[in-house]
Structure formats: structure tokens, C-alpha cells
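For reference, entry_23.cif is printed below; it contains mmCIF, C-alpha atoms.
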data_start
loop_
_atom_site.label_atom_id
_atom_site.label_comp_id
_atom_site.auth_asym_id
_atom_site.auth_seq_id
_atom_site.Cartn_x
_atom_site.Cartn_y
_atom_site.Cartn_z
CA MET X 1 62.46 -174.27 -158.72
CA ALA X 2 65.61 -172.26 -159.39
CA GLY X 3 64.87 -171.97 -163.11
CA PRO X 4 62.98 -168.60 -163.09
CA ALA X 5 65.63 -166.99 -160.87
CA LEU X 6 68.47 -168.31 -163.04
CA ILE X 7 66.74 -167.05 -166.20
CA ALA X 8 66.24 -163.59 -164.67
CA LEU X 9 69.87 -163.58 -163.50
CA PHE X 10 71.06 -164.41 -167.02
CA VAL X 11 68.80 -161.89 -168.77
CA PHE X 12 69.36 -158.93 -166.44
CA VAL X 13 72.94 -159.52 -165.22
CA VAL X 14 75.01 -161.91 -167.32
CA LEU X 15 73.71 -160.89 -170.76
CA PRO X 16 74.05 -157.12 -170.20
CA LEU X 17 77.57 -157.65 -168.87
CA VAL X 18 78.58 -159.69 -171.94
CA LEU X 19 76.95 -157.24 -174.37
CA GLY X 20 78.48 -154.25 -172.57
CA SER X 21 81.93 -155.82 -172.67
CA TRP X 22 81.58 -156.39 -176.42
CA TRP X 23 80.15 -152.96 -177.15
CA SER X 24 83.04 -151.36 -175.23
CA LEU X 25 85.29 -152.64 -178.02
CA THR X 26 83.20 -150.97 -180.74
CA ASP X 27 82.08 -147.47 -181.75
CA LYS X 28 78.40 -148.38 -181.36
CA ARG X 29 75.99 -145.45 -181.14
CA LEU X 30 72.42 -145.42 -179.93
CA ILE X 31 71.00 -144.01 -183.17
CA SER X 32 73.26 -143.89 -186.21
CA PRO X 33 72.93 -144.77 -189.92
CA LEU X 34 76.56 -145.92 -189.94
CA PRO X 35 77.42 -149.56 -189.20
CA THR X 36 79.10 -150.42 -185.91
CA GLN X 37 82.84 -150.95 -186.24
CA PHE X 38 85.30 -152.81 -184.04
CA VAL X 39 87.80 -150.37 -182.51
CA GLY X 40 89.58 -152.65 -180.05
CA LEU X 41 90.88 -150.90 -176.95
CA ASP X 42 90.54 -147.36 -178.34
CA ASN X 43 87.66 -146.54 -175.98
CA TYR X 44 89.73 -147.60 -172.98
CA ALA X 45 92.76 -145.67 -174.26
CA ASN X 46 90.65 -142.53 -174.59
CA LEU X 47 89.09 -143.18 -171.21
CA LEU X 48 92.24 -143.82 -169.17
CA GLY X 49 94.88 -141.88 -171.08
CA LEU X 50 97.05 -139.67 -168.85
CA ASP X 51 100.21 -137.63 -169.41
CA LEU X 52 102.24 -134.91 -167.74
CA ILE X 53 103.78 -131.63 -168.89
CA VAL X 54 106.30 -129.58 -166.91
CA GLN X 55 106.09 -125.92 -167.90
CA GLU X 56 108.80 -123.38 -167.19
CA PRO X 57 107.70 -119.77 -166.61
CA GLU X 58 108.24 -117.13 -169.25
CA ARG X 59 111.33 -115.00 -168.64
CA ASP X 60 112.32 -111.47 -169.50
CA PRO X 61 114.58 -111.63 -172.57
CA VAL X 62 116.74 -108.85 -171.14
CA GLY X 63 117.39 -109.75 -167.53
CA GLY X 64 116.10 -113.32 -167.50
CA ALA X 65 113.72 -112.61 -164.62
CA VAL X 66 110.48 -114.54 -164.35
CA VAL X 67 107.56 -112.67 -165.91
CA ARG X 68 104.72 -112.17 -163.42
CA ASP X 69 101.15 -110.90 -163.74
CA GLU X 70 99.35 -108.30 -161.67
CA HIS X 71 98.73 -110.89 -158.94
CA ASP X 72 102.47 -111.69 -158.71
CA GLN X 73 101.90 -115.10 -160.30
CA ALA X 74 104.36 -116.55 -162.79
CA VAL X 75 103.21 -116.36 -166.41
CA TYR X 76 103.39 -119.52 -168.56
CA ALA X 77 102.98 -120.18 -172.25
CA ARG X 78 99.46 -121.02 -173.39
CA LEU X 79 98.87 -124.75 -173.13
CA ARG X 80 96.88 -125.25 -176.31
CA PRO X 81 99.72 -124.32 -178.71
CA VAL X 82 102.04 -126.59 -176.71
CA LEU X 83 99.66 -129.53 -177.12
CA ARG X 84 99.17 -128.88 -180.81
CA ALA X 85 102.93 -128.73 -181.40
CA GLU X 86 103.51 -132.27 -180.05
CA PRO X 87 101.83 -135.19 -181.87
CA ARG X 88 102.04 -137.33 -178.71
CA TYR X 89 99.60 -134.96 -176.99
CA ALA X 90 96.91 -135.35 -179.65
CA GLY X 91 93.53 -135.81 -177.98
CA PHE X 92 94.76 -134.68 -174.56
CA SER X 93 93.47 -131.70 -172.60
CA GLU X 94 94.29 -130.22 -169.22
CA TRP X 95 92.85 -131.98 -166.18
CA PHE X 96 94.50 -130.00 -163.39
CA ASP X 97 97.81 -128.31 -162.61
CA ILE X 98 100.11 -128.04 -159.61
CA GLY X 99 102.60 -125.27 -158.95
CA ILE X 100 106.00 -126.32 -157.59
CA GLY X 101 108.16 -123.28 -157.13
CA ASP X 102 108.17 -121.44 -160.42
CA GLN X 103 107.42 -124.62 -162.37
CA ARG X 104 103.93 -125.70 -163.32
CA LEU X 105 103.03 -129.40 -163.53
CA VAL X 106 100.06 -129.93 -165.82
CA VAL X 107 98.30 -133.30 -165.67
CA LEU X 108 96.73 -134.14 -169.02
CA ALA X 109 93.87 -136.54 -169.68
CA ARG X 110 92.12 -137.72 -172.78
CA ASP X 111 88.85 -137.60 -170.82
CA PRO X 112 89.17 -135.16 -167.90
CA THR X 113 85.47 -135.57 -167.11
CA PHE X 114 85.86 -139.29 -166.41
CA MET X 115 88.94 -138.67 -164.25
CA SER X 116 87.04 -136.06 -162.27
CA ALA X 117 84.16 -138.51 -161.95
CA LEU X 118 86.49 -141.14 -160.48
CA VAL X 119 87.89 -138.68 -157.94
CA ASN X 120 84.46 -137.32 -156.99
CA THR X 121 83.04 -140.81 -156.55
CA ALA X 122 85.99 -141.84 -154.40
CA VAL X 123 85.65 -138.73 -152.22
CA PHE X 124 81.92 -139.33 -151.85
CA VAL X 125 82.45 -142.95 -150.77
CA LEU X 126 85.28 -142.11 -148.36
CA VAL X 127 83.13 -139.48 -146.63
CA ILE X 128 79.75 -141.22 -146.75
CA VAL X 129 80.80 -144.63 -145.40
CA PRO X 130 82.34 -143.49 -142.07
CA GLY X 131 80.24 -140.33 -141.72
CA GLN X 132 76.86 -141.89 -142.35
CA GLY X 133 77.74 -145.06 -140.47
CA GLY X 134 78.99 -143.17 -137.41
CA LEU X 135 75.95 -140.90 -137.30
CA ALA X 136 73.62 -143.88 -137.72
CA LEU X 137 75.26 -145.68 -134.81
CA LEU X 138 74.93 -142.56 -132.64
CA LEU X 139 71.24 -142.21 -133.48
CA ALA X 140 70.68 -145.92 -132.83
CA LEU X 141 72.26 -145.58 -129.39
CA LEU X 142 70.01 -142.61 -128.65
CA VAL X 143 66.73 -144.25 -129.70
CA HIS X 144 67.71 -147.52 -128.00
CA GLN X 145 67.21 -145.90 -124.63
CA ARG X 146 64.00 -146.35 -122.67
CA ILE X 147 62.70 -142.81 -122.82
CA ARG X 148 59.28 -141.31 -123.42
CA GLY X 149 58.43 -140.76 -127.07
CA VAL X 150 61.21 -143.00 -128.39
CA ARG X 151 58.94 -144.43 -131.11
CA PHE X 152 58.24 -140.93 -132.36
CA TYR X 153 61.95 -140.17 -132.65
CA ARG X 154 62.56 -143.44 -134.48
CA SER X 155 59.83 -142.55 -136.98
CA VAL X 156 61.20 -139.04 -137.50
CA TYR X 157 64.75 -140.25 -138.16
CA PHE X 158 63.52 -142.96 -140.54
CA ALA X 159 61.00 -140.82 -142.45
CA PRO X 160 63.46 -139.46 -145.09
CA VAL X 161 64.33 -143.04 -146.12
CA VAL X 162 60.82 -143.77 -147.39
CA THR X 163 60.70 -140.56 -149.43
CA ALA X 164 61.96 -140.68 -153.01
CA MET X 165 65.45 -139.27 -153.45
CA ALA X 166 64.34 -137.25 -156.47
CA VAL X 167 61.77 -135.44 -154.33
CA MET X 168 64.32 -134.79 -151.60
CA ALA X 169 66.82 -133.50 -154.16
CA VAL X 170 64.29 -130.97 -155.48
CA LEU X 171 63.41 -129.77 -151.98
CA TRP X 172 67.05 -129.43 -150.95
CA THR X 173 67.81 -127.54 -154.16
CA PHE X 174 65.40 -124.85 -152.95
CA MET X 175 66.92 -125.02 -149.45
CA TYR X 176 70.40 -124.50 -150.92
CA ASN X 177 69.33 -121.37 -152.83
CA PRO X 178 72.02 -118.77 -152.01
CA SER X 179 69.64 -115.84 -151.52
CA GLU X 180 66.27 -117.29 -150.54
CA GLY X 181 67.18 -120.77 -149.30
CA LEU X 182 66.34 -121.90 -145.78
CA ILE X 183 69.91 -122.99 -144.98
CA ASN X 184 71.54 -119.64 -145.78
CA ARG X 185 68.73 -117.79 -144.03
CA PHE X 186 69.36 -119.98 -140.97
CA ILE X 187 73.09 -119.21 -141.04
CA GLU X 188 72.47 -115.49 -141.44
CA THR X 189 69.85 -115.36 -138.67
CA PHE X 190 71.78 -117.27 -136.03
CA SER X 191 75.01 -115.39 -136.76
CA PHE X 192 73.14 -112.06 -136.44
CA GLY X 193 74.10 -111.20 -140.01
CA LEU X 194 77.82 -111.73 -139.48
CA LEU X 195 77.97 -114.81 -141.74
CA GLN X 196 76.65 -115.24 -145.24
CA GLY X 197 75.99 -118.72 -146.55
CA PRO X 198 77.81 -119.81 -149.71
CA ALA X 199 76.32 -120.51 -153.11
CA TRP X 200 76.14 -124.20 -152.28
CA LEU X 201 75.36 -125.73 -155.66
CA GLN X 202 76.96 -123.01 -157.80
CA ASP X 203 80.41 -123.07 -156.15
CA PRO X 204 82.76 -125.94 -157.15
CA SER X 205 84.23 -125.98 -153.64
CA THR X 206 80.88 -126.63 -151.92
CA ALA X 207 78.70 -128.42 -154.50
CA LEU X 208 79.89 -131.94 -153.67
CA LEU X 209 79.71 -131.18 -149.93
CA ALA X 210 76.09 -130.10 -150.37
CA ILE X 211 75.25 -133.41 -152.04
CA ILE X 212 77.07 -135.34 -149.30
CA ILE X 213 75.06 -133.57 -146.59
CA LEU X 214 71.79 -134.37 -148.34
CA SER X 215 72.79 -137.99 -148.91
CA ILE X 216 73.72 -138.55 -145.26
CA TRP X 217 70.50 -136.93 -144.03
CA GLN X 218 68.31 -138.95 -146.40
CA ALA X 219 69.80 -142.41 -145.81
CA VAL X 220 71.09 -142.35 -142.23
CA GLY X 221 67.76 -143.65 -140.92
CA PHE X 222 68.19 -146.91 -142.83
CA GLN X 223 71.52 -147.69 -141.17
CA MET X 224 70.06 -146.52 -137.84
CA VAL X 225 67.36 -149.19 -137.99
CA ILE X 226 69.93 -151.88 -138.78
CA PHE X 227 72.13 -150.79 -135.87
CA LEU X 228 69.08 -150.66 -133.63
CA ALA X 229 68.26 -154.26 -134.50
CA GLY X 230 71.84 -155.21 -133.71
CA LEU X 231 71.72 -153.42 -130.36
CA GLN X 232 68.51 -155.20 -129.42
CA GLY X 233 70.23 -158.52 -130.13
CA ILE X 234 72.92 -157.91 -127.49
CA SER X 235 72.04 -159.59 -124.21
CA GLU X 236 71.45 -157.27 -121.25
CA GLU X 237 73.28 -159.82 -119.09
CA LEU X 238 76.54 -158.79 -120.74
CA TYR X 239 76.02 -155.17 -119.72
CA ASP X 240 75.04 -156.22 -116.19
CA ALA X 241 78.18 -158.33 -115.89
CA ALA X 242 80.30 -155.44 -117.13
CA LYS X 243 78.72 -153.11 -114.55
CA VAL X 244 79.46 -155.62 -111.78
CA ASP X 245 83.11 -155.65 -112.92
CA GLY X 246 83.20 -151.87 -112.59
CA ALA X 247 83.17 -150.99 -116.30
CA GLY X 248 82.05 -147.47 -117.17
CA ARG X 249 80.01 -146.40 -120.19
CA ARG X 250 83.01 -146.11 -122.46
CA SER X 251 84.34 -149.52 -121.43
CA ARG X 252 80.93 -151.14 -121.93
CA PHE X 253 80.64 -149.54 -125.36
CA ARG X 254 84.13 -150.68 -126.35
CA HIS X 255 84.11 -154.20 -124.93
CA VAL X 256 80.41 -155.14 -125.16
CA THR X 257 78.59 -153.01 -127.75
CA ILE X 258 81.20 -152.96 -130.51
CA PRO X 259 81.95 -156.74 -130.41
CA GLY X 260 78.22 -157.44 -130.29
CA LEU X 261 77.69 -155.29 -133.39
CA ARG X 262 80.56 -156.80 -135.40
CA ASN X 263 78.39 -158.54 -138.00
CA THR X 264 76.07 -155.54 -138.18
CA LEU X 265 79.01 -153.20 -138.74
CA VAL X 266 80.28 -155.40 -141.57
CA PHE X 267 76.86 -155.42 -143.27
CA VAL X 268 76.39 -151.66 -142.90
CA PHE X 269 79.90 -150.97 -144.19
CA ILE X 270 79.48 -153.13 -147.31
CA SER X 271 75.93 -152.02 -148.13
CA THR X 272 76.77 -148.33 -147.65
CA THR X 273 79.84 -148.66 -149.86
CA ILE X 274 77.82 -150.25 -152.68
CA LEU X 275 75.05 -147.64 -152.45
CA ALA X 276 77.58 -144.79 -152.36
CA PHE X 277 79.22 -145.96 -155.58
CA ARG X 278 75.80 -145.75 -157.28
CA LEU X 279 75.45 -142.01 -156.70
CA PHE X 280 73.36 -140.59 -159.55
CA THR X 281 69.95 -139.14 -158.67
CA GLN X 282 71.18 -136.25 -156.52
CA VAL X 283 73.68 -135.18 -159.18
CA ASP X 284 71.19 -135.50 -162.03
CA VAL X 285 68.52 -133.44 -160.27
CA MET X 286 70.62 -130.83 -158.47
CA THR X 287 73.78 -130.04 -160.45
CA LYS X 288 73.94 -132.05 -163.71
CA GLY X 289 77.56 -132.78 -162.84
CA GLY X 290 78.59 -129.15 -162.50
CA PRO X 291 79.87 -126.68 -161.77
CA GLN X 292 83.14 -127.42 -163.60
CA ASP X 293 82.68 -131.20 -163.20
CA SER X 294 82.91 -130.83 -159.42
CA THR X 295 79.97 -133.21 -158.82
CA VAL X 296 80.11 -135.49 -161.85
CA THR X 297 80.20 -139.19 -160.88
CA VAL X 298 81.03 -142.33 -162.81
CA VAL X 299 77.40 -143.48 -163.08
CA PHE X 300 76.26 -140.02 -164.16
CA ASN X 301 79.09 -139.85 -166.69
CA ALA X 302 78.10 -143.24 -168.14
CA VAL X 303 74.45 -142.20 -168.50
CA GLN X 304 75.51 -138.89 -170.00
CA ALA X 305 77.76 -140.54 -172.59
CA GLY X 306 75.43 -143.43 -173.40
CA PHE X 307 71.96 -141.93 -173.57
CA ARG X 308 72.38 -138.18 -173.89
CA GLU X 309 75.40 -138.25 -176.20
CA GLN X 310 74.35 -141.63 -177.68
CA ARG X 311 77.89 -143.08 -177.48
CA ILE X 312 76.95 -146.56 -176.36
CA GLY X 313 80.39 -148.04 -177.03
CA TYR X 314 82.17 -145.41 -174.98
CA ALA X 315 79.60 -145.60 -172.17
CA SER X 316 80.06 -149.38 -172.10
CA ALA X 317 83.80 -148.87 -171.62
CA ILE X 318 83.04 -146.57 -168.66
CA VAL X 319 80.73 -149.17 -167.11
CA VAL X 320 83.17 -152.06 -167.62
CA THR X 321 86.05 -150.04 -166.13
CA PHE X 322 83.89 -149.07 -163.16
CA PHE X 323 82.79 -152.70 -162.74
CA VAL X 324 86.41 -153.83 -162.54
CA ILE X 325 87.22 -151.12 -159.96
CA VAL X 326 84.25 -152.06 -157.76
CA LEU X 327 85.05 -155.76 -158.15
CA VAL X 328 88.62 -155.21 -156.96
CA ILE X 329 87.36 -153.23 -153.95
CA ALA X 330 84.84 -156.00 -153.15
CA LEU X 331 87.56 -158.65 -153.32
CA ILE X 332 89.77 -156.60 -151.01
CA GLN X 333 86.88 -156.23 -148.56
CA ARG X 334 86.21 -159.96 -148.71
CA ARG X 335 89.86 -160.69 -148.06
CA LEU X 336 89.97 -158.38 -145.06
CA LEU X 337 86.75 -159.78 -143.61
CA ARG X 338 88.01 -163.33 -144.10
CA THR X 339 91.21 -162.42 -142.25
CA ASP X 340 89.23 -160.88 -139.40
CA ARG X 341 87.02 -163.94 -139.19
CA ALA X 342 90.03 -166.26 -139.15
CA VAL X 343 91.60 -164.24 -136.36
CA ALA X 344 88.36 -164.27 -134.41
CA ASP X 345 87.93 -168.03 -134.87
CA GLY X 346 91.55 -168.61 -133.86
#
Would you write the structure of this file as C-alpha cells?
Amino acid sequence: MAGPALIALFVFVVLPLVLGSWWSLTDKRLISPLPTQFVGLDNYANLLGLDLIVQEPERDPVGGAVVRDEHDQAVYARLRPVLRAEPRYAGFSEWFDIGIGDQRLVVLARDPTFMSALVNTAVFVLVIVPGQGGLALLLALLVHQRIRGVRFYRSVYFAPVVTAMAVMAVLWTFMYNPSEGLINRFIETFSFGLLQGPAWLQDPSTALLAIIILSIWQAVGFQMVIFLAGLQGISEELYDAAKVDGAGRRSRFRHVTIPGLRNTLVFVFISTTILAFRLFTQVDVMTKGGPQDSTVTVVFNAVQAGFREQRIGYASAIVVTFFVIVLVIALIQRRLLRTDRAVADG
């Protein structure tokens, strides 16, 4: 009886993982007349290579004062000649820089796009998991009340979940339009023209935030339904007993609702974390990873390298590295949950 499931598991999970791990050690391309060659760990070296340069500002040859531009910023030597002059920096390019006093610390990376993808994915997960989970719990508490029209509100909050993300991404792209979009028009109208909305998807400082807002709005209804099911599983007798003991709303929420939702919270936390790491559709439809790699994610970067640039070997290295990172996070979560369970059982 388990045979068909085991075969599907092997074909769609185990086999791709084994092939991807092997291809990550080669220079395999999607379409190429050249034979595939074994390159060892070169893909991983190019993927994870980091270095650091400390640049001193240029100084006036006469007085030795720091040379500054028209914005009173210290002037430094061009980075490209510095990298070309040192063989150890071959293949590196600037990822980002930090100013400390008059010195400039330049972080180099062999693949700055992948490093930016790691950071963007981490930021997305760290914001989505608590933000979406907290909002979902709030909505669940609201629609759990016995009020008129509660079924209508539940349907409205859940409706975005059943709509394809690609469709939502297209609609929100129009809404984020800086001149004609609904969101900026709303901001301008309700501020009586005092505020102008930003160029959401064209500005590196707001592009990822725009995708986060869309993602929370589209998926919060799913977590809301799960929390609602958990709330309905808490016995009313516990709330009645807490009221008899003089507990207020906050005390009942803290000592009755939260403990009663413990397993639900664990499930929502883990499932939201996994889904957040898979961020791809919104980026592919709305920004293509831009502007300036501000929205590129690991999954998008892997698809870009593997299918659009046809570098299957390099894309496999990205996927394997990402798999290891997610696996480590999953093991840490499992360890923490096991500790919590042991404490609770004790």
C-alpha cells in the first residue's frame, strides 16, 4: 500500500536532491554543445566567497588634509583598479560599504546577488512570521465573537487566499503605481495633498516592504482560519472559571487563550516560516528582483541562474546551500519545540 507513495517520494524528492547535489559539483548547462566537467567545490566558492577591504581617504599632497567632494564626503580611490591590482581579489566585486570615521570598509563578494538574496529572504521571513501570525490571531479573535454578519467577515478575510498569487501581484502592481496607483491616491487624498506616496516598486528602500505588505494581506486569512479552529477548540468552561476567579480580558487571554492555542501557534509558526522561505511569485511578477537587487530572493536567484541563464550547475549549488540553511533552521526549531514539550510534560 505504501509502494506508490514511496515511488513518488523517491522520484520527486530523493532523486532530484541527489542529482542536484551532483550537478552542483559540475559546470553543467541547460543547453550547451560542450561536455559537462567536474569542477569540485568551485561553484560553492564562487557562491559564498567573501572578503573585506579597508580604504583610506585620498589626502592633499601638500597639507595632508582629507580630500572631500562637494557634499563634504571623503573621496576614495576607485575600487576597480584596487581589485585588479591584487590577484587575491580576482572574481570579487563590491557588495556594500560602511563608513567608519574617514575610513571606508568595503565588503566584497564573488556573487553579491546571492548574498543580497540571502539577506532579503531573511528579512522577509523575520517580518512575515510574527507580523502575519499576529495579525491572523487578531482577526481570528475578532471573527470568533458572536456578532451579526460574522460569516461575511470571515469570507472577506479569507477571500484573498483562494485567489492566485500571480493575479494578486499584477493587481497590486497597478495599485503601487506612483502616479496613478490607488495606494498613493489614497495617501494624497486623506492627507489633503500634504503627503505624496513613494515609488513603491521603483525605490530600493520600499520595494521589499511593498512585497511584504502584499504577502501579509494575501495569506493572513489562511492563518486566521487555523487560529479560529484553535479558538473553537478551547472549552468555554475555562473562560467561565477564569471569570469567576476575577480574571479580566487580558488575564484570560494570557492564561487561557494562549496556552489553549499552543499547538496551533507551533503549526502556524512552522508553516509560515516554510512558506516565507519559498518567496518567488511576487518578486517574479512585480520587480524581477530589482531595483538594485533589493527584492531578489534565493529561490528567484536559483531560477534566474538555472533556467534563464542556463547555469544548471551553479543553480544547483544555490539550491543545495539553501537546503542546508533551511534544514539547520528546521533542526533548531525542532530542538526548541522538543525542549518546550519536555518542560511542559515535566
Exercise for the section: Return as a list in words the set of residues that the PyMOL selection byres ((chain X and resi 227) around 9) yields on the displayed structure. Expected result: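 Given this file, the PyMOL selection byres ((chain X and resi 227) around 9) evaluates to Ala136, Leu137, Leu139, Ala140, Leu141, Phe222, Gln223, Met224, Val225, Ile226, Leu228, Ala229, Gly230, Leu231, Gln232, Leu261, Thr264, Leu265 and Val268 of chain X.
Once the PyMOL selection byres ((chain X and resi 206) around 12) is applied to the depicted file, the selected set reads Tyr176, Pro178, Gly197, Pro198, Ala199, Trp200, Leu201, Gln202, Asp203, Pro204, Ser205, Ala207, Leu208, Leu209, Ala210, Ile211, Ile212, Ile213, Thr287, Gly290, Pro291, Gln292, Ser294 and Thr295 of chain X.
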Problem - Length of the atom CA of Asp245 of chain X to atom CA of Leu138 of chain X vector [Å] - result: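 We find that atom CA of Asp245 of chain X and atom CA of Leu138 of chain X lie 25.0 Å from each other.
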Can you pull out the residues contacting Ile270 of chain X? Cut-off 9 Å, using only C-alpha atoms, and skip same-chain residues under 6 positions away; I want them as an mmCIF file with C-alpha atoms, in the frame of the given file.
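File selection06.cif, as written:
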data_model
loop_
_atom_site.group_PDB
_atom_site.id
_atom_site.type_symbol
_atom_site.label_atom_id
_atom_site.label_comp_id
_atom_site.auth_asym_id
_atom_site.auth_seq_id
_atom_site.Cartn_x
_atom_site.Cartn_y
_atom_site.Cartn_z
ATOM 1 C CA VAL X 129 80.800 -144.630 -145.400
ATOM 2 C CA ALA X 330 84.840 -156.000 -153.150
ATOM 3 C CA GLN X 333 86.880 -156.230 -148.560
#
Practice task
Within 9 Å of Ser21 of chain X, counting all atoms listed in the file, which residues show up once you throw out same-chain ones fewer than 4 positions away? Write them as a VMD selection string, please.
Solution key: chain X and resid 16 to 17 25 316 to 317 319 to 320
Reconstruct N, CA and C atoms of segment 14-37 of chain X; output as a PDB file, in the frame of the given file.
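Generated output (out_10.pdb):
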ATOM      1  N   VAL X  14      73.949-161.304-166.502  1.00  0.00           N
ATOM      2  CA  VAL X  14      75.010-161.910-167.320  1.00  0.00           C
ATOM      3  C   VAL X  14      74.979-161.355-168.742  1.00  0.00           C
ATOM      4  N   LEU X  15      73.819-161.357-169.370  1.00  0.00           N
ATOM      5  CA  LEU X  15      73.710-160.890-170.760  1.00  0.00           C
ATOM      6  C   LEU X  15      74.097-159.424-170.917  1.00  0.00           C
ATOM      7  N   PRO X  16      73.591-158.511-170.075  1.00  0.00           N
ATOM      8  CA  PRO X  16      74.050-157.120-170.200  1.00  0.00           C
ATOM      9  C   PRO X  16      75.553-156.956-170.000  1.00  0.00           C
ATOM     10  N   LEU X  17      76.131-157.755-169.096  1.00  0.00           N
ATOM     11  CA  LEU X  17      77.570-157.650-168.870  1.00  0.00           C
ATOM     12  C   LEU X  17      78.348-158.104-170.110  1.00  0.00           C
ATOM     13  N   VAL X  18      77.904-159.195-170.738  1.00  0.00           N
ATOM     14  CA  VAL X  18      78.580-159.690-171.940  1.00  0.00           C
ATOM     15  C   VAL X  18      78.418-158.698-173.087  1.00  0.00           C
ATOM     16  N   LEU X  19      77.194-158.193-173.287  1.00  0.00           N
ATOM     17  CA  LEU X  19      76.950-157.240-174.370  1.00  0.00           C
ATOM     18  C   LEU X  19      77.732-155.939-174.124  1.00  0.00           C
ATOM     19  N   GLY X  20      77.736-155.478-172.876  1.00  0.00           N
ATOM     20  CA  GLY X  20      78.480-154.250-172.570  1.00  0.00           C
ATOM     21  C   GLY X  20      79.965-154.416-172.799  1.00  0.00           C
ATOM     22  N   SER X  21      80.500-155.580-172.449  1.00  0.00           N
ATOM     23  CA  SER X  21      81.930-155.820-172.670  1.00  0.00           C
ATOM     24  C   SER X  21      82.247-155.821-174.166  1.00  0.00           C
ATOM     25  N   TRP X  22      81.357-156.381-174.978  1.00  0.00           N
ATOM     26  CA  TRP X  22      81.580-156.390-176.420  1.00  0.00           C
ATOM     27  C   TRP X  22      81.434-154.997-177.010  1.00  0.00           C
ATOM     28  N   TRP X  23      80.374-154.296-176.611  1.00  0.00           N
ATOM     29  CA  TRP X  23      80.150-152.960-177.150  1.00  0.00           C
ATOM     30  C   TRP X  23      81.285-152.000-176.760  1.00  0.00           C
ATOM     31  N   SER X  24      81.942-152.236-175.632  1.00  0.00           N
ATOM     32  CA  SER X  24      83.040-151.360-175.230  1.00  0.00           C
ATOM     33  C   SER X  24      84.219-151.449-176.188  1.00  0.00           C
ATOM     34  N   LEU X  25      84.229-152.484-177.031  1.00  0.00           N
ATOM     35  CA  LEU X  25      85.290-152.640-178.020  1.00  0.00           C
ATOM     36  C   LEU X  25      84.873-152.147-179.402  1.00  0.00           C
ATOM     37  N   THR X  26      83.720-151.464-179.464  1.00  0.00           N
ATOM     38  CA  THR X  26      83.200-150.970-180.740  1.00  0.00           C
ATOM     39  C   THR X  26      82.890-149.472-180.613  1.00  0.00           C
ATOM     40  N   ASP X  27      82.493-148.880-181.741  1.00  0.00           N
ATOM     41  CA  ASP X  27      82.080-147.470-181.750  1.00  0.00           C
ATOM     42  C   ASP X  27      80.560-147.363-181.830  1.00  0.00           C
ATOM     43  N   LYS X  28      79.845-148.321-181.280  1.00  0.00           N
ATOM     44  CA  LYS X  28      78.400-148.380-181.360  1.00  0.00           C
ATOM     45  C   LYS X  28      77.760-147.109-180.826  1.00  0.00           C
ATOM     46  N   ARG X  29      76.762-146.619-181.562  1.00  0.00           N
ATOM     47  CA  ARG X  29      75.990-145.450-181.140  1.00  0.00           C
ATOM     48  C   ARG X  29      74.539-145.862-180.995  1.00  0.00           C
ATOM     49  N   LEU X  30      73.807-145.077-180.204  1.00  0.00           N
ATOM     50  CA  LEU X  30      72.420-145.420-179.930  1.00  0.00           C
ATOM     51  C   LEU X  30      71.568-145.310-181.192  1.00  0.00           C
ATOM     52  N   ILE X  31      71.719-144.215-181.908  1.00  0.00           N
ATOM     53  CA  ILE X  31      71.000-144.010-183.170  1.00  0.00           C
ATOM     54  C   ILE X  31      72.008-143.500-184.193  1.00  0.00           C
ATOM     55  N   SER X  32      72.292-144.301-185.197  1.00  0.00           N
ATOM     56  CA  SER X  32      73.260-143.890-186.210  1.00  0.00           C
ATOM     57  C   SER X  32      73.025-144.692-187.493  1.00  0.00           C
ATOM     58  N   PRO X  33      73.069-144.030-188.647  1.00  0.00           N
ATOM     59  CA  PRO X  33      72.930-144.770-189.920  1.00  0.00           C
ATOM     60  C   PRO X  33      74.184-145.549-190.285  1.00  0.00           C
ATOM     61  N   LEU X  34      75.299-145.272-189.607  1.00  0.00           N
ATOM     62  CA  LEU X  34      76.560-145.920-189.940  1.00  0.00           C
ATOM     63  C   LEU X  34      76.658-147.264-189.220  1.00  0.00           C
ATOM     64  N   PRO X  35      77.266-148.257-189.851  1.00  0.00           N
ATOM     65  CA  PRO X  35      77.420-149.560-189.200  1.00  0.00           C
ATOM     66  C   PRO X  35      78.417-149.493-188.046  1.00  0.00           C
ATOM     67  N   THR X  36      78.203-150.355-187.062  1.00  0.00           N
ATOM     68  CA  THR X  36      79.100-150.420-185.910  1.00  0.00           C
ATOM     69  C   THR X  36      80.416-151.059-186.318  1.00  0.00           C
ATOM     70  N   GLN X  37      81.516-150.451-185.901  1.00  0.00           N
ATOM     71  CA  GLN X  37      82.840-150.950-186.240  1.00  0.00           C
ATOM     72  C   GLN X  37      83.605-151.353-184.979  1.00  0.00           C
TER      73      GLN X  37
END
